[in-house]
>>> print(open('final05.csv').read())   # CSV, C-alpha atoms
chain,number,residue,atom,x,y,z
A,45,MET,CA,95.8,193.7,96.0
A,46,THR,CA,92.4,193.7,94.4
A,47,ARG,CA,89.3,194.1,96.5
A,48,PRO,CA,86.1,192.1,95.9
A,49,PHE,CA,83.2,193.6,94.2
A,50,ARG,CA,81.0,193.9,97.3
A,51,SER,CA,83.6,195.8,99.2
A,52,VAL,CA,84.1,198.3,96.4
A,53,VAL,CA,80.4,199.1,96.3
A,54,SER,CA,80.2,199.6,100.0
A,55,LEU,CA,83.2,201.9,99.9
A,56,ALA,CA,81.7,204.0,97.2
A,57,GLN,CA,78.4,204.3,99.1
A,58,THR,CA,80.2,205.5,102.2
A,59,ALA,CA,82.2,208.1,100.4
A,60,GLN,CA,79.1,209.5,98.6
A,61,ALA,CA,77.1,209.7,101.9
A,62,LEU,CA,79.9,211.7,103.6
A,63,ALA,CA,80.5,214.1,100.7
A,64,GLY,CA,77.1,214.7,99.1
A,65,PRO,CA,73.3,214.4,99.4
A,66,SER,CA,71.6,211.4,101.0
A,67,THR,CA,70.5,209.8,97.7
A,68,PHE,CA,72.9,207.3,96.2
A,69,ARG,CA,74.4,208.2,92.9
A,70,PRO,CA,77.0,206.3,91.0
A,71,LEU,CA,80.5,207.5,91.7
A,72,ARG,CA,82.2,209.1,88.7
A,73,PRO,CA,85.9,208.3,88.5
A,74,ALA,CA,88.4,211.1,88.1
A,75,LEU,CA,90.3,209.3,85.4
A,76,PRO,CA,88.7,209.2,82.0
A,77,LEU,CA,87.1,205.9,81.0
A,78,LEU,CA,88.3,204.0,78.0
A,79,SER,CA,86.7,205.0,74.8
A,80,GLN,CA,83.6,202.8,74.1
A,81,PRO,CA,81.1,203.1,71.3
A,82,SER,CA,77.8,204.6,72.3
A,83,SER,CA,75.9,201.9,70.6
A,84,SER,CA,77.3,199.1,72.8
A,85,ARG,CA,76.8,201.0,76.1
A,86,SER,CA,73.5,200.1,77.7
A,87,ALA,CA,71.2,202.4,79.7
A,88,SER,CA,72.2,200.7,83.0
A,89,PHE,CA,75.9,201.6,82.7
A,90,SER,CA,77.3,203.2,85.9
A,91,GLY,CA,80.7,204.6,86.9
A,92,TRP,CA,81.6,201.8,89.4
A,93,GLU,CA,81.3,199.2,86.6
A,94,GLN,CA,84.9,199.7,85.7
A,95,TYR,CA,85.9,197.9,89.0
A,96,VAL,CA,84.0,194.8,88.0
A,97,PRO,CA,86.1,192.1,86.2
A,98,SER,CA,85.5,191.5,82.6
A,99,ILE,CA,84.3,188.0,83.3
A,100,LEU,CA,81.4,189.2,85.5
A,101,ARG,CA,80.2,191.9,83.2
A,102,PRO,CA,77.0,191.2,81.2
A,103,LYS,CA,77.6,190.2,77.6
A,104,ARG,CA,76.2,192.5,74.9
A,105,LYS,CA,75.0,191.4,71.6
A,106,THR,CA,76.7,193.2,68.8
A,107,ALA,CA,75.4,191.2,65.8
A,108,THR,CA,72.7,192.9,63.7
A,109,PRO,CA,69.6,190.8,63.0
A,110,ALA,CA,69.3,192.1,59.4
A,111,VAL,CA,72.5,190.5,58.3
A,112,VAL,CA,71.5,187.1,59.8
A,113,GLU,CA,68.1,187.3,58.1
A,114,ARG,CA,69.6,188.0,54.7
A,115,THR,CA,72.0,185.1,55.0
A,116,SER,CA,69.3,182.7,56.1
A,117,GLU,CA,67.1,183.7,53.3
A,118,THR,CA,69.7,183.1,50.7
A,119,SER,CA,70.8,179.8,52.2
A,120,VAL,CA,67.2,178.5,52.2
A,121,ASP,CA,66.0,179.7,48.9
A,122,ILE,CA,68.7,178.0,46.8
A,123,PRO,CA,68.1,174.4,47.9
A,124,GLN,CA,64.3,174.8,47.4
A,125,GLU,CA,64.8,175.9,43.8
A,126,GLU,CA,67.1,173.1,43.1
A,127,LEU,CA,64.7,170.5,44.6
A,128,ALA,CA,61.8,171.9,42.7
A,129,ALA,CA,63.7,171.7,39.4
A,130,THR,CA,65.0,168.1,40.0
A,131,SER,CA,62.1,166.3,41.7
A,132,THR,CA,58.5,166.1,40.6
A,133,GLY,CA,57.1,165.3,44.1
A,134,SER,CA,54.6,162.6,42.9
A,135,LEU,CA,53.3,160.0,45.3
A,136,PHE,CA,54.0,157.1,42.8
A,137,GLU,CA,57.7,157.7,42.9
A,138,GLU,CA,57.7,157.3,46.7
A,139,ILE,CA,55.7,154.1,46.5
A,140,ALA,CA,58.0,152.7,43.9
A,141,GLN,CA,61.0,153.4,46.0
A,142,GLU,CA,59.5,151.7,49.0
A,143,VAL,CA,58.6,148.6,46.9
A,144,VAL,CA,62.2,148.4,45.6
A,145,GLN,CA,63.6,148.7,49.1
A,146,SER,CA,61.2,146.0,50.4
A,147,GLU,CA,62.3,143.7,47.6
A,148,ARG,CA,65.9,144.2,48.4
A,149,ARG,CA,65.3,143.1,52.0
A,150,ARG,CA,65.7,139.4,52.2
A,151,LYS,CA,63.3,137.6,54.4
A,152,ALA,CA,64.7,135.2,56.9
A,153,THR,CA,63.8,131.6,56.2
A,154,GLN,CA,65.3,129.9,59.3
A,155,HIS,CA,66.9,130.6,62.6
A,156,ARG,CA,69.7,128.7,64.3
A,157,TYR,CA,70.4,128.8,68.0
A,158,SER,CA,73.0,127.1,70.2
A,159,THR,CA,73.2,126.8,74.0
A,160,ALA,CA,76.2,127.3,76.2
A,161,GLN,CA,78.4,124.5,77.5
A,162,HIS,CA,76.4,122.4,80.1
A,163,LYS,CA,77.7,119.7,82.4
A,164,ILE,CA,75.9,116.7,80.9
A,165,SER,CA,76.9,113.7,78.9
A,166,PRO,CA,76.5,114.1,75.1
A,167,ARG,CA,74.7,110.7,75.0
A,168,LYS,CA,72.0,111.8,77.5
A,169,LEU,CA,71.5,115.2,75.7
A,170,ASN,CA,71.3,113.4,72.4
A,171,ASP,CA,68.3,111.4,73.6
A,172,LEU,CA,66.4,114.7,74.4
A,173,SER,CA,67.4,116.3,71.1
A,174,ARG,CA,65.9,113.3,69.2
A,175,GLN,CA,62.7,113.7,71.2
A,176,ILE,CA,62.1,117.3,70.0
A,177,SER,CA,63.4,116.9,66.5
A,178,GLY,CA,60.7,117.3,63.8
A,179,LEU,CA,58.1,118.6,66.2
A,180,PRO,CA,56.3,122.0,66.1
A,181,ILE,CA,58.0,124.5,68.4
A,182,ASP,CA,55.1,124.7,70.8
A,183,GLU,CA,54.7,121.0,71.0
A,184,ALA,CA,58.5,120.6,71.7
A,185,ILE,CA,58.2,123.1,74.5
A,186,VAL,CA,55.4,121.1,76.0
A,187,GLN,CA,57.4,117.9,75.8
A,188,MET,CA,60.3,119.4,77.7
A,189,GLN,CA,57.9,121.0,80.2
A,190,PHE,CA,56.6,117.6,81.3
A,191,SER,CA,59.8,115.6,81.0
A,192,GLU,CA,61.4,114.1,84.1
A,193,LYS,CA,64.9,114.6,82.9
A,194,ARG,CA,67.1,117.1,84.7
A,195,ALA,CA,68.3,118.9,81.5
A,196,SER,CA,64.7,119.4,80.2
A,197,SER,CA,64.3,122.7,82.2
A,198,TRP,CA,67.1,124.6,80.4
A,199,ILE,CA,66.2,123.0,77.1
A,200,LYS,CA,62.7,124.3,77.4
A,201,SER,CA,64.0,127.9,78.1
A,202,THR,CA,66.4,127.5,75.1
A,203,LEU,CA,63.5,126.6,72.8
A,204,CYS,CA,61.4,129.5,74.1
A,205,LEU,CA,64.3,132.0,73.5
A,206,ALA,CA,64.9,130.5,70.0
A,207,ARG,CA,61.2,130.9,69.2
A,208,ASP,CA,61.1,134.5,70.2
A,209,HIS,CA,64.2,135.3,68.1
A,210,ALA,CA,62.7,133.6,65.1
A,211,LEU,CA,59.5,135.6,65.5
A,212,ASP,CA,61.6,138.8,65.6
A,213,LYS,CA,63.0,137.8,62.2
A,214,GLY,CA,59.5,137.6,60.7
A,215,LEU,CA,58.9,133.9,60.8
A,216,GLU,CA,55.3,132.6,61.4
A,217,ARG,CA,54.7,130.9,64.7
A,218,GLY,CA,52.0,128.6,63.4
A,219,ARG,CA,54.5,127.1,60.8
A,220,LEU,CA,57.6,127.1,63.0
A,221,ILE,CA,59.0,123.6,63.6
A,222,VAL,CA,62.3,122.2,65.0
A,223,ALA,CA,63.7,121.1,61.6
A,224,GLU,CA,67.0,119.9,63.1
A,225,SER,CA,68.5,119.3,66.5
A,226,TRP,CA,71.9,117.9,67.4
A,227,THR,CA,74.5,117.9,70.1
A,228,SER,CA,78.2,118.6,70.2
A,229,LYS,CA,80.9,117.6,72.6
A,230,GLY,CA,82.8,120.1,74.7
A,231,PRO,CA,86.0,120.0,76.7
A,232,LYS,CA,86.2,117.6,79.6
A,233,ILE,CA,86.8,118.9,83.1
A,234,LYS,CA,89.5,117.0,85.1
A,235,ARG,CA,89.0,116.5,88.8
A,236,VAL,CA,90.9,114.4,91.4
A,237,ASP,CA,89.3,111.0,92.1
A,238,ILE,CA,90.3,109.9,95.7
A,239,LYS,CA,90.9,106.2,96.0
A,240,GLY,CA,91.9,103.9,98.9
A,241,ARG,CA,95.3,103.1,100.2
A,242,GLY,CA,96.7,106.6,99.5
A,243,ARG,CA,96.0,106.5,95.8
A,244,ALA,CA,94.2,109.0,93.6
A,245,GLY,CA,93.0,109.0,90.0
A,246,ILE,CA,91.5,111.4,87.5
A,247,LYS,CA,87.8,111.9,87.1
A,248,TYR,CA,86.4,113.4,83.8
A,249,HIS,CA,83.3,115.5,83.7
A,250,PRO,CA,81.9,115.9,80.1
A,251,LEU,CA,80.4,119.0,78.7
A,252,ALA,CA,77.9,119.2,75.8
A,253,ARG,CA,76.0,121.8,73.8
A,254,LEU,CA,72.6,121.7,72.1
A,255,HIS,CA,71.9,123.1,68.6
A,256,VAL,CA,68.5,123.7,67.1
A,257,LEU,CA,67.4,124.9,63.7
A,258,LEU,CA,64.0,126.4,63.3
A,259,LYS,CA,62.2,126.6,59.9
A,260,GLU,CA,58.8,127.2,58.6
A,261,GLY,CA,57.1,123.9,57.8
A,262,LYS,CA,53.5,122.6,57.2
A,263,THR,CA,50.8,123.0,59.8
A,264,ARG,CA,48.9,120.1,61.3
A,265,SER,CA,45.9,120.6,59.1
A,266,GLU,CA,48.0,120.6,55.9
A,267,LYS,CA,49.7,117.4,57.0
A,268,ASP,CA,46.3,115.8,57.6
A,269,GLN,CA,45.1,116.9,54.2
A,270,ARG,CA,48.2,115.5,52.5
A,271,ARG,CA,47.8,112.2,54.3
A,272,PHE,CA,44.1,112.0,53.3
A,273,GLN,CA,45.0,112.7,49.6
A,274,LYS,CA,47.7,110.0,49.7
A,275,GLU,CA,45.3,107.4,51.2
A,276,LEU,CA,42.6,108.4,48.7
A,277,GLY,CA,45.1,107.8,45.8
A,278,LEU,CA,45.7,104.2,46.9
A,279,VAL,CA,42.1,103.2,46.5
A,280,ARG,CA,41.5,101.2,43.2
A,281,SER,CA,38.1,100.7,41.7
A,282,ALA,CA,36.8,97.6,39.9
A,283,GLY,CA,37.0,99.3,36.6
A,284,VAL,CA,34.6,99.4,33.7
A,285,VAL,CA,32.9,96.1,32.7
A,286,ARG,CA,30.9,95.5,29.5
A,287,GLU,CA,27.5,93.9,30.1
A,288,ASP,CA,26.3,93.6,26.5
A,289,GLY,CA,28.6,90.9,25.4
A,290,VAL,CA,28.1,87.1,25.3
A,291,LEU,CA,28.3,85.2,28.5
A,292,ARG,CA,31.1,82.7,28.5
A,293,ARG,CA,31.7,79.9,30.8
A,294,LYS,CA,34.8,80.1,32.9
A,295,VAL,CA,37.5,77.7,31.6
A,296,VAL,CA,38.6,75.2,34.2
A,297,SER,CA,41.4,72.9,33.7
A,298,GLY,CA,40.5,69.2,33.7
A,299,TRP,CA,37.2,67.6,33.0
A,300,ALA,CA,34.3,69.9,32.1
A,301,TRP,CA,31.6,67.6,33.5
>>> encode(input="final05.csv", output="structure tokens")
Amino acid sequence: MTRPFRSVVSLAQTAQALAGPSTFRPLRPALPLLSQPSSSRSASFSGWEQYVPSILRPKRKTATPAVVERTSETSVDIPQEELAATSTGSLFEEIAQEVVQSERRRKATQHRYSTAQHKISPRKLNDLSRQISGLPIDEAIVQMQFSEKRASSWIKSTLCLARDHALDKGLERGRLIVAESWTSKGPKIKRVDIKGRGRAGIKYHPLARLHVLLKEGKTRSEKDQRRFQKELGLVRSAGVVREDGVLRRKVVSGWAW
């Protein structure tokens, strides 16, 4: 049966105090120790260390730093020479690579968002979708904010979330409009419809979804400028009239006098 480490040390101290001087010295075992290299033995090695399990013994580093340094030098020098031979390291090459990568990235031109299934009639939801169709995104949100319809609250939150997602894609907020908005029918929920005289029927609760498509359109100032140019093009002048010619009387059918 093996004894713990603390009991072994106390036993060695008691035996040394009874046999020798008062100062504590490590107890040398009678049996010869296992042959160990002198380089791996530390200065704090004592005789009672043989009773300590191998797991509790301090680990000693045996690797020489010279070998590690040589291997690290050789492993670092070779890639640097290869990189110096292959690349010129000019700033124009890095800029050209960034331009090519930016051209490859395709900019988003639109964003489509759909809501979850809501317990509402598709006809009622379609009236609200017509109200926001073609409006700028901020104006559509204001329309839903002051609407008295029950579904306007979650439609407003849907438009706000779709706007934030479109801005994350890189679309400009000032040009963002609700290009398209439509509704789709969902499955109908069946419930029991209690009637009189012990009869019952089936009641159907419709579900519907709202879909919006956001795109970059013209701003309000651009629309006003286009309207002004269109109205200006409809104006017709009197034209050029020659005044150096002979005055002629207007011919009227019938008698001249």
>>> atom_distance(input="final05.csv", atom1="CA of Gln187 in chain A", atom2="CA of Leu257 in chain A")
17.2 Å
>>> closest_residue(input="final05.csv", among="A:Lys239, A:Arg264, A:Lys168, A:Lys274", to="Arg194 in chain A", atoms="all atoms listed in the file")
A:Lys168
>>> closest_residue(input="final05.csv", among="A:Glu275, A:Glu224, A:Glu260, A:Asp208", to="Ser173 in chain A", atoms="only C-alpha atoms")
A:Glu224
>>> atom_distance(input="final05.csv", atom1="CA of Ser225 in chain A", atom2="CA of Phe272 in chain A")
28.7 Å
>>> atom_distance(input="final05.csv", atom1="CA of Lys151 in chain A", atom2="CA of Ile221 in chain A")
17.3 Å
>>> axis_aligned_box(input="final05.csv", around="range 159-172 of chain A", padding_each_side="3 Å", output="lines of an AutoDock Vina configuration file")
center_x = 72.4
center_y = 119.0
center_z = 77.4
size_x = 18.0
size_y = 22.6
size_z = 16.0
>>> closest_residue(input="final05.csv", among="A:Lys193, A:His249, A:Lys259, A:Lys200", to="Arg156 in chain A", atoms="only C-alpha atoms")
A:Lys259
>>> residues_around(input="final05.csv", residues="Gly218 in chain A", least_positions_apart="5", cutoff="12 Å", atoms="all atoms listed in the file", output="PyMOL selection string")
chain A and resi 180-183+207+210-211+259-266
>>> closest_residue(input="final05.csv", among="A:Ala252, A:Val222, A:Leu258, A:Leu278", to="Gly178 in chain A", atoms="only C-alpha atoms")
A:Val222
